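Student: Pasting my_file36.cif below, which is mmCIF, C-alpha atoms.
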```cif
data_upload
loop_
_atom_site.label_atom_id
_atom_site.label_comp_id
_atom_site.auth_asym_id
_atom_site.auth_seq_id
_atom_site.Cartn_x
_atom_site.Cartn_y
_atom_site.Cartn_z
CA MET A 1 -5.30 -21.36 17.33
CA SER A 2 -7.57 -19.80 19.92
CA ALA A 3 -6.37 -16.86 21.96
CA SER A 4 -6.35 -18.84 25.20
CA ALA A 5 -4.29 -21.62 23.62
CA ALA A 6 -1.84 -18.99 22.41
CA GLN A 7 -1.60 -17.60 25.93
CA LEU A 8 -0.99 -21.02 27.44
CA LYS A 9 1.70 -21.55 24.89
CA LEU A 10 3.25 -18.21 25.73
CA ALA A 11 3.21 -19.00 29.43
CA ALA A 12 5.00 -22.27 28.75
CA VAL A 13 7.75 -20.66 26.70
CA PRO A 14 10.16 -18.49 28.65
CA GLU A 15 10.85 -15.10 27.10
CA HIS A 16 13.78 -15.61 24.81
CA GLY A 17 16.92 -13.68 25.74
CA ALA A 18 15.07 -10.72 27.22
CA ALA A 19 17.78 -9.09 29.29
CA PRO A 20 15.95 -6.48 31.38
CA ASP A 21 18.84 -4.03 31.52
CA LEU A 22 19.56 -3.67 27.79
CA ASN A 23 17.50 -0.47 27.67
CA ASP A 24 19.56 1.03 30.49
CA LEU A 25 22.76 -0.03 28.79
CA LEU A 26 21.72 1.57 25.51
CA VAL A 27 20.83 4.81 27.27
CA ARG A 28 24.31 4.77 28.82
CA VAL A 29 25.84 4.16 25.37
CA GLY A 30 24.06 7.34 24.30
CA ARG A 31 26.08 9.20 26.92
CA GLY A 32 29.37 7.87 25.59
CA ASP A 33 29.79 4.90 27.94
CA GLU A 34 32.16 2.50 26.15
CA VAL A 35 31.79 -0.22 28.80
CA ALA A 36 28.02 -0.21 28.23
CA PHE A 37 28.66 -0.43 24.50
CA ALA A 38 30.80 -3.54 25.01
CA ALA A 39 28.04 -5.07 27.14
CA ILE A 40 25.44 -4.36 24.42
CA TYR A 41 27.74 -5.95 21.87
CA ASP A 42 28.25 -9.03 24.04
CA ALA A 43 24.49 -9.40 24.50
CA LEU A 44 23.37 -8.75 20.92
CA GLY A 45 26.44 -9.27 18.72
CA SER A 46 25.47 -12.80 17.76
CA SER A 47 21.87 -11.78 16.99
CA VAL A 48 22.99 -8.91 14.76
CA TYR A 49 25.77 -10.86 13.03
CA GLY A 50 23.57 -13.95 12.64
CA LEU A 51 20.79 -11.93 11.04
CA ALA A 52 23.21 -10.17 8.68
CA ARG A 53 24.68 -13.54 7.73
CA ARG A 54 21.30 -15.09 7.15
CA VAL A 55 20.25 -12.30 4.79
CA ILE A 56 23.59 -11.61 3.10
CA ARG A 57 25.17 -15.10 3.26
CA ASP A 58 28.70 -13.93 2.50
CA PRO A 59 30.36 -14.04 5.98
CA SER A 60 32.84 -11.22 5.38
CA ARG A 61 30.15 -8.92 3.95
CA ALA A 62 27.91 -9.82 6.89
CA GLU A 63 30.71 -8.87 9.26
CA GLU A 64 31.05 -5.48 7.53
CA VAL A 65 27.34 -4.85 7.88
CA ALA A 66 27.32 -5.92 11.54
CA GLN A 67 30.15 -3.48 12.12
CA GLU A 68 28.19 -0.67 10.42
CA VAL A 69 25.15 -1.49 12.54
CA PHE A 70 27.07 -1.23 15.81
CA ILE A 71 28.82 1.97 14.74
CA GLN A 72 25.40 3.41 13.96
CA VAL A 73 24.22 2.25 17.40
CA TRP A 74 27.14 4.10 18.98
CA GLN A 75 26.47 7.26 16.96
CA SER A 76 22.72 7.43 17.43
CA ALA A 77 22.08 5.78 20.83
CA ALA A 78 21.22 9.19 22.31
CA ARG A 79 18.18 9.21 20.01
CA PHE A 80 16.92 5.92 21.47
CA ASP A 81 13.84 6.48 23.60
CA PRO A 82 13.28 3.61 26.07
CA ASP A 83 9.66 4.75 26.51
CA ARG A 84 8.92 3.99 22.89
CA GLY A 85 10.64 0.68 22.29
CA ASN A 86 13.14 -1.80 23.63
CA ALA A 87 16.83 -1.92 22.85
CA LYS A 88 16.84 -5.37 21.31
CA SER A 89 14.01 -4.57 18.88
CA TRP A 90 15.67 -1.28 17.99
CA LEU A 91 18.97 -3.00 17.16
CA LEU A 92 17.50 -5.94 15.29
CA THR A 93 15.20 -3.71 13.24
CA LEU A 94 18.18 -1.54 12.36
CA ALA A 95 20.31 -4.61 11.56
CA HIS A 96 17.67 -6.12 9.30
CA ARG A 97 17.12 -2.88 7.40
CA ARG A 98 20.89 -2.52 6.85
CA ALA A 99 21.33 -6.15 5.80
CA VAL A 100 18.47 -5.91 3.31
CA ASP A 101 19.80 -2.65 1.89
CA ALA A 102 23.27 -4.21 1.55
CA VAL A 103 22.07 -7.35 -0.19
CA ARG A 104 19.96 -5.32 -2.62
CA HIS A 105 22.80 -2.95 -3.31
CA ASP A 106 25.16 -5.85 -4.02
CA GLN A 107 22.52 -7.54 -6.14
CA ALA A 108 22.05 -4.41 -8.21
CA ALA A 109 25.81 -4.27 -8.80
CA THR A 110 25.81 -7.93 -9.86
CA ASN A 111 22.88 -7.26 -12.19
CA ARG A 112 24.83 -4.51 -13.91
CA GLU A 113 27.86 -6.76 -14.32
CA ASN A 114 26.21 -10.00 -15.28
CA LYS A 115 22.81 -9.02 -16.66
CA TYR A 116 21.49 -11.15 -13.86
CA ASP A 117 18.16 -12.78 -14.56
CA TRP A 118 15.63 -13.75 -11.91
CA SER A 119 15.37 -17.22 -13.42
CA ASN A 120 18.98 -17.70 -12.30
CA GLY A 121 18.13 -16.75 -8.73
CA PRO A 122 18.52 -19.07 -5.77
CA ASP A 123 16.41 -22.16 -6.03
CA PHE A 124 13.50 -21.72 -3.70
CA ASP A 125 13.39 -25.23 -2.24
CA GLU A 126 17.01 -24.93 -1.26
CA VAL A 127 16.36 -21.56 0.36
CA GLU A 128 13.53 -22.76 2.48
CA GLU A 129 15.37 -25.84 3.63
CA THR A 130 18.40 -23.85 4.74
CA VAL A 131 16.27 -21.42 6.72
CA THR A 132 14.29 -24.10 8.45
CA ILE A 133 17.27 -26.22 9.43
CA SER A 134 19.33 -23.42 10.86
CA LEU A 135 16.64 -21.70 12.89
CA GLU A 136 17.81 -21.88 16.45
CA HIS A 137 14.63 -20.75 17.98
CA GLU A 138 12.30 -23.71 18.27
CA GLN A 139 9.21 -21.59 18.67
CA VAL A 140 9.85 -19.60 15.51
CA LYS A 141 10.51 -22.79 13.59
CA ARG A 142 7.29 -24.35 14.81
CA CYS A 143 5.30 -21.22 14.01
CA LEU A 144 6.78 -20.99 10.50
CA ASP A 145 5.84 -24.64 10.02
CA GLY A 146 2.28 -23.68 10.89
CA LEU A 147 1.95 -21.35 7.89
CA THR A 148 0.62 -22.35 4.49
CA ALA A 149 3.34 -23.01 1.93
CA LEU A 150 2.75 -19.73 0.11
CA GLN A 151 2.65 -17.69 3.33
CA ARG A 152 5.89 -19.27 4.50
CA GLU A 153 7.59 -18.81 1.14
CA ALA A 154 6.55 -15.15 0.99
CA VAL A 155 7.81 -14.45 4.53
CA ASN A 156 11.05 -16.37 3.99
CA LEU A 157 11.97 -14.69 0.73
CA ALA A 158 11.17 -11.22 2.05
CA TYR A 159 12.60 -11.40 5.53
CA TYR A 160 15.48 -13.85 5.18
CA GLN A 161 16.43 -13.10 1.58
CA GLY A 162 15.73 -9.39 1.35
CA TYR A 163 13.34 -9.68 -1.61
CA THR A 164 10.87 -6.87 -2.20
CA TYR A 165 7.28 -8.07 -2.37
CA ALA A 166 7.36 -7.44 -6.13
CA GLU A 167 10.41 -9.72 -6.41
CA VAL A 168 8.67 -12.32 -4.25
CA ALA A 169 5.70 -12.18 -6.63
CA THR A 170 7.96 -12.76 -9.63
CA ALA A 171 9.88 -15.56 -7.93
CA LEU A 172 6.69 -17.34 -6.91
CA ASP A 173 4.82 -16.55 -10.13
CA ALA A 174 1.95 -14.87 -8.28
CA ASN A 175 0.50 -11.37 -8.55
CA THR A 176 1.61 -8.69 -6.13
CA ALA A 177 -1.80 -8.29 -4.50
CA THR A 178 -1.80 -12.00 -3.62
CA ILE A 179 1.71 -11.80 -2.20
CA LYS A 180 0.87 -8.76 -0.06
CA THR A 181 -2.15 -10.61 1.31
CA ARG A 182 -0.14 -13.79 2.00
CA MET A 183 2.50 -11.74 3.80
CA ARG A 184 -0.16 -10.15 5.92
CA ASP A 185 -1.89 -13.45 6.72
CA GLY A 186 1.50 -15.00 7.43
CA ILE A 187 2.67 -12.32 9.80
CA VAL A 188 -0.66 -12.26 11.65
CA ARG A 189 -0.47 -16.04 12.13
CA LEU A 190 3.14 -15.83 13.29
CA ARG A 191 2.27 -13.03 15.69
CA ASP A 192 -0.57 -15.03 17.23
CA CYS A 193 1.44 -18.26 17.28
CA MET A 194 4.37 -16.56 19.03
CA GLY A 195 2.05 -14.80 21.46
CA VAL A 196 3.47 -11.38 20.55
CA GLU A 197 1.76 -8.71 22.60
CA ALA A 198 1.14 -5.36 20.97
CA MET B 1 -6.93 2.97 -8.77
CA SER B 2 -4.42 4.21 -6.26
CA THR B 3 -2.23 2.07 -4.06
CA ASP B 4 -3.91 1.00 -0.87
CA LEU B 5 -1.22 2.03 1.59
CA HIS B 6 -2.72 -0.20 4.24
CA SER B 7 -1.84 -3.27 2.15
CA LEU B 8 1.83 -2.34 2.59
CA MET B 9 1.79 -2.92 6.37
CA ALA B 10 3.13 -6.49 6.27
CA PRO B 11 5.66 -5.87 3.47
CA TYR B 12 6.93 -2.87 5.43
CA ALA B 13 7.36 -4.90 8.62
CA LEU B 14 9.34 -7.49 6.63
CA ASP B 15 11.43 -4.76 4.92
CA ALA B 16 10.00 -5.85 1.57
CA LEU B 17 9.30 -2.39 0.11
CA ASP B 18 11.51 -0.61 -2.37
CA PRO B 19 12.93 2.70 -1.06
CA ASP B 20 10.31 4.93 -2.69
CA GLU B 21 7.39 2.90 -1.38
CA ARG B 22 9.07 2.70 2.01
CA ASP B 23 9.23 6.50 2.20
CA ARG B 24 5.62 6.93 1.15
CA PHE B 25 4.47 4.28 3.57
CA GLU B 26 6.44 5.83 6.44
CA ALA B 27 4.86 9.18 5.69
CA HIS B 28 1.46 7.51 5.91
CA LEU B 29 2.42 5.60 9.05
CA ASP B 30 3.51 8.82 10.77
CA GLN B 31 -0.03 10.08 10.77
CA CYS B 32 -2.10 6.85 10.90
CA VAL B 33 -2.52 5.92 14.54
CA ASP B 34 -4.42 2.70 13.90
CA CYS B 35 -1.60 1.60 11.60
CA GLN B 36 0.98 2.35 14.31
CA VAL B 37 -0.83 0.14 16.80
CA GLU B 38 -1.01 -2.80 14.39
CA MET B 39 2.52 -2.16 13.11
CA ALA B 40 3.93 -2.51 16.63
CA GLY B 41 2.77 -6.13 16.65
CA PHE B 42 4.05 -6.79 13.14
CA MET B 43 7.45 -5.31 13.92
CA ALA B 44 7.72 -7.29 17.16
CA THR B 45 6.95 -10.42 15.15
CA ALA B 46 9.64 -9.59 12.60
CA VAL B 47 12.12 -9.07 15.44
CA ARG B 48 11.39 -12.61 16.66
CA LEU B 49 12.17 -13.91 13.17
CA GLY B 50 15.42 -11.98 13.24
CA ASP B 51 16.33 -13.20 16.70
CA ALA B 52 15.99 -16.84 15.63
CA VAL B 53 19.12 -16.95 13.48
CA GLY B 54 21.95 -16.02 15.85
CA HIS B 55 25.52 -16.78 14.87
CA THR B 56 28.68 -16.10 16.88
CA PRO B 57 30.61 -13.28 15.21
CA PRO B 58 34.36 -13.50 14.59
CA PRO B 59 36.24 -12.35 17.74
CA ALA B 60 38.15 -9.69 15.81
CA LEU B 61 34.89 -7.78 15.19
CA ARG B 62 34.57 -6.89 18.87
CA ASP B 63 38.12 -5.53 19.03
CA ARG B 64 37.69 -3.51 15.85
CA LEU B 65 34.43 -2.00 17.10
CA LEU B 66 35.82 -1.02 20.49
CA ALA B 67 38.78 0.63 18.78
CA GLU B 68 36.57 2.43 16.28
CA ILE B 69 34.04 3.87 18.72
CA SER B 70 36.80 5.40 20.81
CA THR B 71 37.39 7.83 17.93
CA THR B 72 33.79 8.12 16.63
CA PRO B 73 31.71 11.17 17.62
CA GLN B 74 28.13 10.69 18.79
CA GLN B 75 24.90 12.47 17.90
CA ARG B 76 23.33 14.53 20.65
CA PRO B 77 19.85 13.87 21.99
CA ILE B 78 16.96 15.62 20.25
CA VAL B 79 15.48 18.18 22.62
CA THR B 80 11.75 18.34 22.01
CA SER B 81 9.98 21.64 22.30
CA LEU B 82 6.75 22.14 24.22
CA ALA B 83 4.83 22.25 20.94
CA GLU B 84 6.22 18.87 19.93
CA ARG B 85 5.44 17.32 23.28
CA ARG B 86 1.87 18.54 22.83
CA GLY B 87 1.97 16.92 19.43
CA LEU B 88 2.59 13.58 21.13
CA ARG B 89 -1.09 13.47 22.01
CA ARG B 90 -1.70 12.78 18.37
CA THR B 91 0.11 9.48 18.76
CA LEU B 92 -1.67 8.62 21.98
CA PRO B 93 -5.30 8.75 20.87
CA ARG B 94 -6.61 6.35 23.47
CA LEU B 95 -5.15 8.41 26.27
CA ALA B 96 -6.51 11.54 24.63
CA MET B 97 -9.97 10.00 24.35
CA ALA B 98 -9.84 8.80 27.95
CA ALA B 99 -8.84 12.31 28.99
CA ALA B 100 -11.71 13.68 26.91
CA PHE B 101 -14.17 11.52 28.81
CA LEU B 102 -12.77 12.67 32.13
CA ILE B 103 -13.15 16.28 31.05
CA GLY B 104 -16.64 15.46 29.79
CA ALA B 105 -17.64 14.33 33.29
CA VAL B 106 -16.74 17.77 34.61
CA GLY B 107 -17.87 19.97 31.75
CA VAL B 108 -19.43 18.97 28.46
CA GLY B 109 -17.63 21.72 26.58
CA GLY B 110 -14.29 20.05 27.08
CA TYR B 111 -15.51 16.85 25.55
CA VAL B 112 -17.09 18.52 22.54
CA SER B 113 -13.96 20.40 21.60
CA GLU B 114 -11.82 17.26 22.00
CA HIS B 115 -14.27 15.37 19.86
CA GLU B 116 -14.21 17.97 17.13
CA ASN B 117 -10.42 18.02 17.19
CA ALA B 118 -10.40 14.26 16.74
CA GLN B 119 -12.73 14.57 13.75
CA ASP B 120 -10.56 17.30 12.23
CA ALA B 121 -7.50 15.17 12.75
CA ASN B 122 -9.23 12.22 11.18
CA SER B 123 -10.35 14.06 8.04
CA LYS B 124 -6.85 15.52 7.74
CA ASN B 125 -5.39 12.00 7.93
CA VAL B 126 -7.78 10.76 5.24
CA ALA B 127 -6.87 13.68 2.97
CA MET B 128 -3.16 13.02 3.50
CA SER B 129 -3.51 9.32 2.79
CA ASN B 130 -5.34 10.12 -0.43
CA VAL B 131 -2.42 12.23 -1.62
CA LEU B 132 0.23 9.75 -0.49
CA GLY B 133 -1.55 6.86 -2.17
CA ALA B 134 -2.52 8.70 -5.37
CA ASP B 135 -1.40 7.17 -8.68
CA ASP B 136 0.16 10.40 -9.86
CA VAL B 137 2.02 11.26 -6.66
CA THR B 138 5.52 12.64 -7.18
CA THR B 139 8.18 13.09 -4.53
CA GLU B 140 10.76 15.81 -4.02
CA SER B 141 13.04 15.63 -1.05
CA LYS B 142 15.89 17.32 0.69
CA ALA B 143 18.14 15.40 3.07
CA TYR B 144 19.69 16.83 6.21
CA GLU B 145 22.31 15.31 8.45
CA SER B 146 19.80 13.57 10.65
CA GLY B 147 16.52 14.14 8.85
CA SER B 148 14.72 15.19 5.72
CA ILE B 149 11.92 17.20 4.18
CA LYS B 150 9.76 15.42 1.66
CA LEU B 151 7.07 16.91 -0.52
CA TYR B 152 4.49 14.61 -2.06
CA SER B 153 2.38 16.27 -4.77
CA SER B 154 -0.65 14.86 -6.53
CA PRO B 155 -2.06 16.95 -9.40
CA SER B 156 -5.24 14.86 -9.51
CA SER B 157 -5.93 15.71 -5.85
CA ASP B 158 -4.73 19.30 -6.36
CA ALA B 159 -2.94 18.83 -3.05
CA ALA B 160 0.48 18.16 -1.60
CA VAL B 161 1.73 16.75 1.69
CA ILE B 162 4.92 17.96 3.28
CA ILE B 163 6.64 15.79 5.87
CA ALA B 164 9.62 17.02 7.85
CA LYS B 165 11.63 14.87 10.20
CA GLY B 166 14.68 15.57 12.33
CA LEU B 167 15.48 19.01 10.94
CA PRO B 168 18.23 21.06 12.59
CA ASP B 169 16.99 22.99 15.63
CA PRO B 170 15.72 26.35 14.28
CA GLY B 171 16.96 28.09 17.46
CA LYS B 172 15.36 29.33 20.66
CA GLY B 173 11.98 30.97 20.10
CA LYS B 174 12.10 30.12 16.38
CA VAL B 175 10.07 27.81 14.17
CA TYR B 176 10.08 26.70 10.58
CA GLN B 177 7.31 28.25 8.50
CA VAL B 178 6.08 26.68 5.27
CA TRP B 179 5.07 28.91 2.34
CA MET B 180 3.40 27.99 -0.90
CA VAL B 181 4.67 30.37 -3.57
CA LYS B 182 2.39 31.17 -6.52
CA ASP B 183 3.23 34.02 -8.94
CA ALA B 184 6.02 35.05 -6.57
CA THR B 185 3.48 35.51 -3.76
CA PRO B 186 4.07 33.41 -0.63
CA THR B 187 1.07 32.10 1.32
CA SER B 188 1.69 30.70 4.79
CA GLN B 189 0.81 27.03 5.24
CA GLY B 190 1.73 26.74 8.90
CA THR B 191 4.70 26.22 11.20
CA PHE B 192 6.54 23.40 12.91
CA SER B 193 9.74 22.98 14.93
CA THR B 194 12.09 20.15 13.97
CA GLY B 195 9.44 17.88 12.48
CA GLY B 196 5.82 17.67 11.42
CA GLU B 197 3.53 17.15 8.51
CA MET B 198 0.86 19.20 6.81
CA ILE B 199 -1.41 19.02 3.83
CA MET B 200 -1.66 21.87 1.33
CA LYS B 201 -4.69 22.27 -0.88
CA GLY B 202 -4.93 24.14 -4.17
CA VAL B 203 -1.36 23.58 -5.30
CA ALA B 204 -2.13 23.80 -9.04
CA GLY B 205 -0.11 26.60 -10.61
CA SER B 206 2.22 27.10 -7.68
CA ASP B 207 5.91 27.42 -8.35
CA HIS B 208 7.39 25.94 -5.23
CA VAL B 209 7.19 25.46 -1.50
CA ALA B 210 9.64 27.41 0.61
CA LEU B 211 10.74 27.02 4.21
CA THR B 212 11.92 29.95 6.30
CA VAL B 213 12.93 30.33 9.94
CA GLU B 214 10.53 32.69 11.73
CA PRO B 215 9.78 33.78 15.30
CA GLU B 216 7.50 31.41 17.21
CA GLY B 217 3.90 31.82 16.06
CA GLY B 218 4.98 32.53 12.50
CA SER B 219 5.12 35.70 10.40
CA ASP B 220 2.67 37.28 7.95
CA GLN B 221 5.38 37.45 5.31
CA PRO B 222 8.73 35.65 5.15
CA SER B 223 11.21 37.70 7.17
CA SER B 224 14.33 35.82 6.13
CA ALA B 225 15.76 34.01 3.13
CA PRO B 226 14.39 30.50 2.64
CA VAL B 227 16.43 27.66 4.12
CA ALA B 228 14.85 25.27 1.62
CA ILE B 229 12.97 25.59 -1.67
CA ILE B 230 11.21 22.55 -3.07
CA ALA B 231 9.65 22.48 -6.52
CA VAL B 232 5.99 21.43 -6.60
#
```
Output the file's structure as structure tokens, nothing else.

Tutor:
Amino acid sequence: MSASAAQLKLAAVPEHGAAPDLNDLLVRVGRGDEVAFAAIYDALGSSVYGLARRVIRDPSRAEEVAQEVFIQVWQSAARFDPDRGNAKSWLLTLAHRRAVDAVRHDQAATNRENKYDWSNGPDFDEVEETVTISLEHEQVKRCLDGLTALQREAVNLAYYQGYTYAEVATALDANTATIKTRMRDGIVRLRDCMGVEA
Amino acid sequence: MSTDLHSLMAPYALDALDPDERDRFEAHLDQCVDCQVEMAGFMATAVRLGDAVGHTPPPALRDRLLAEISTTPQQRPIVTSLAERRGLRRTLPRLAMAAAFLIGAVGVGGYVSEHENAQDANSKNVAMSNVLGADDVTTESKAYESGSIKLYSSPSSDAAVIIAKGLPDPGKGKVYQVWMVKDATPTSQGTFSTGGEMIMKGVAGSDHVALTVEPEGGSDQPSSAPVAIIAV
């Protein structure tokens, strides 16, 4: 897609859920404001819990992780610098990192118990279908649809399943250099398709 | 051939690195300004992926959280020193270059020295990336409550990179000083406050790297017991 087409597209799509005062709220949380914390939770609780659930799948484990994320937000909000990022990105980045760490930790425990083998891992077709159907954000869905199959698979397995790129390579029977390149091409295409400015 | 750290940009943004690679990549990212600019776009893209899968949490979660925070202590803000705020220019190269051109219009000397600093910074970054991406790089680290010190050594490069983040405040008028200790003789490698990174050349044969708290500006010899000792 050309840059101007991407811009037209961006102009046509209202910014999704960008509450302008989340940064202020998070700064107030950093000063111990419990009311501001509740407001942050009400604004971003479903994003954080939804992301944890997508990656971890087990609802009660996802709830635990969402709780850890918000406790960490409470503890470290004073370190949030609104000049260097926005509150929503900060929280979702934190939530994703925690969810991925949790799912890998649990997986490692399962491996020790069951001598888990990658060939017994989730069937890829099933994975992709679930992700695509449940995406609530039309734009993201459309942009994911615009990727090549291998780009989409690599992004899905890494971001929504918590696979390392080496695990993605094994699951897709490709070499790691190829997977890294597909991830890069995929994320660049998504960025341009979504009109992300940076 | 060593790992091309740049190829880890997209996997990092998707959280698809294992913990060791993540640490090495973050160390590289800390001092690669071009990477930071591109990474901002990648991270923003990943956030959009994350924001697309919302799901209403169970109502009890909200109640539990509000009860828990009322008894949970909070971290305090990090107070940056003047030296660190100066260090911010490193992460704002375009502003620095623009400023250099403005100075250049008034006096050429200003521009030349800025330009040389940029070249120094660039060759330092290249040297650091070479160590961080070397095949034989080994990592030693020490964790602190809200930060860490990591030492990356590469025998083939005969160099090591030390990266400190979020260390406890060394106190008013104090800095951390890094020493390379060879045959029980410490050689100063430089100072930083609560965070920074530096490259050390000629590490072959050294015993360890030590960190002491010294008066601002550093000391000729360590004046206090080390707060950290890291094997090379």

Student: Go through the shown structure with the PyMOL selection byres ((chain B) within 6 of (chain A)) and write out the matching residues as a compact mmCIF listing (two decimals) with C-alpha atoms, in the coordinates of the input.

Tutor:
```
# COMPACT_ATOMS: atom_id res chain seq x y z
CA ALA B 10 3.13 -6.49 6.27
CA LEU B 14 9.34 -7.49 6.63
CA ALA B 16 10.00 -5.85 1.57
CA LEU B 17 9.30 -2.39 0.11
CA ALA B 40 3.93 -2.51 16.63
CA GLY B 41 2.77 -6.13 16.65
CA THR B 45 6.95 -10.42 15.15
CA VAL B 47 12.12 -9.07 15.44
CA GLY B 50 15.42 -11.98 13.24
CA ASP B 51 16.33 -13.20 16.70
CA ALA B 52 15.99 -16.84 15.63
CA VAL B 53 19.12 -16.95 13.48
CA GLY B 54 21.95 -16.02 15.85
CA HIS B 55 25.52 -16.78 14.87
CA THR B 56 28.68 -16.10 16.88
CA PRO B 57 30.61 -13.28 15.21
CA GLN B 74 28.13 10.69 18.79
CA GLN B 75 24.90 12.47 17.90
CA ARG B 76 23.33 14.53 20.65
CA PRO B 77 19.85 13.87 21.99
```

Student: Would you translate the PyMOL selection byres ((chain B and resi 208) around 9) into the concrete set of residues it matches in this file, as a ChimeraX atom specification?

Tutor: /B:179-182,206-207,209-210,229-232

Student: For the structure provided, state which residues fall under the PyMOL selection byres ((chain B and resi 172) around 10), and present them as number ranges by chain.

Tutor: B: 81, 169-171, 173-175, 215-216

Student: Closest to Asp183 of chain B among B:Pro19, B:Gly205, B:Pro155, B:Pro222, using all atoms listed in the file?

Tutor: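 Checking each candidate against Asp183 of chain B, we get B:Gly205 as the closest.
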
Student: Pick out the residues sitting within 9 Å of Thr191 of chain B, and hand them over as a ChimeraX atom specification; count all atoms listed in the file, and ignore anything fewer than 5 positions along from it in its own chain.

Tutor: /B:175-178,196,214,216-218

Student: Could you jot down the atom CA of Ala204 of chain B to atom CA of Ala159 of chain B separation for me, Å, one decimal place?

Tutor: 7.8 Å

Student: What is the distance, in Å and to one decimal place, between atom CA of Lys124 of chain B and atom CA of Pro226 of chain B?

Tutor: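 One can read the atom CA of Lys124 of chain B to atom CA of Pro226 of chain B distance as 26.5 Å.
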
Student: Find the distance between atom CA of Val213 of chain B and atom CA of Asp30 of chain B and write it in Å to one decimal.

Tutor: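 Spanning atom CA of Val213 of chain B to atom CA of Asp30 of chain B is a straight-line distance of 23.5 Å.
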
Student: If we count all atoms listed in the file and set the cut-off at 9 Å, which residues sit around Leu25 of chain A, ignoring sequence neighbours fewer than 3 positions away in its own chain? Please answer as a list in words.

Tutor: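 Counting all atoms listed in the file, the residues come to Asp21, Leu22, Arg28, Val29, Gly30, Asp33, Ala36, Phe37, Ala39, Ile40 and Ala87 of chain A.
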
Student: Excluding segment 163-167 of chain B and residues on its chain fewer than 2 positions from it, collect all residues at most 8 Å away from it, counting all atoms listed in the file, and give them as a PyMOL selection string.

Tutor: chain B and resi 27+144+146-151+161+169+194-198

Student: Pick the closest to Ser157 of chain B from B:Ser123, B:Ser129, B:Ser193, B:Thr212: which is it, counting only C-alpha atoms?

Tutor: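 The shortest atom-to-atom distance to Ser157 of chain B comes from B:Ser129.
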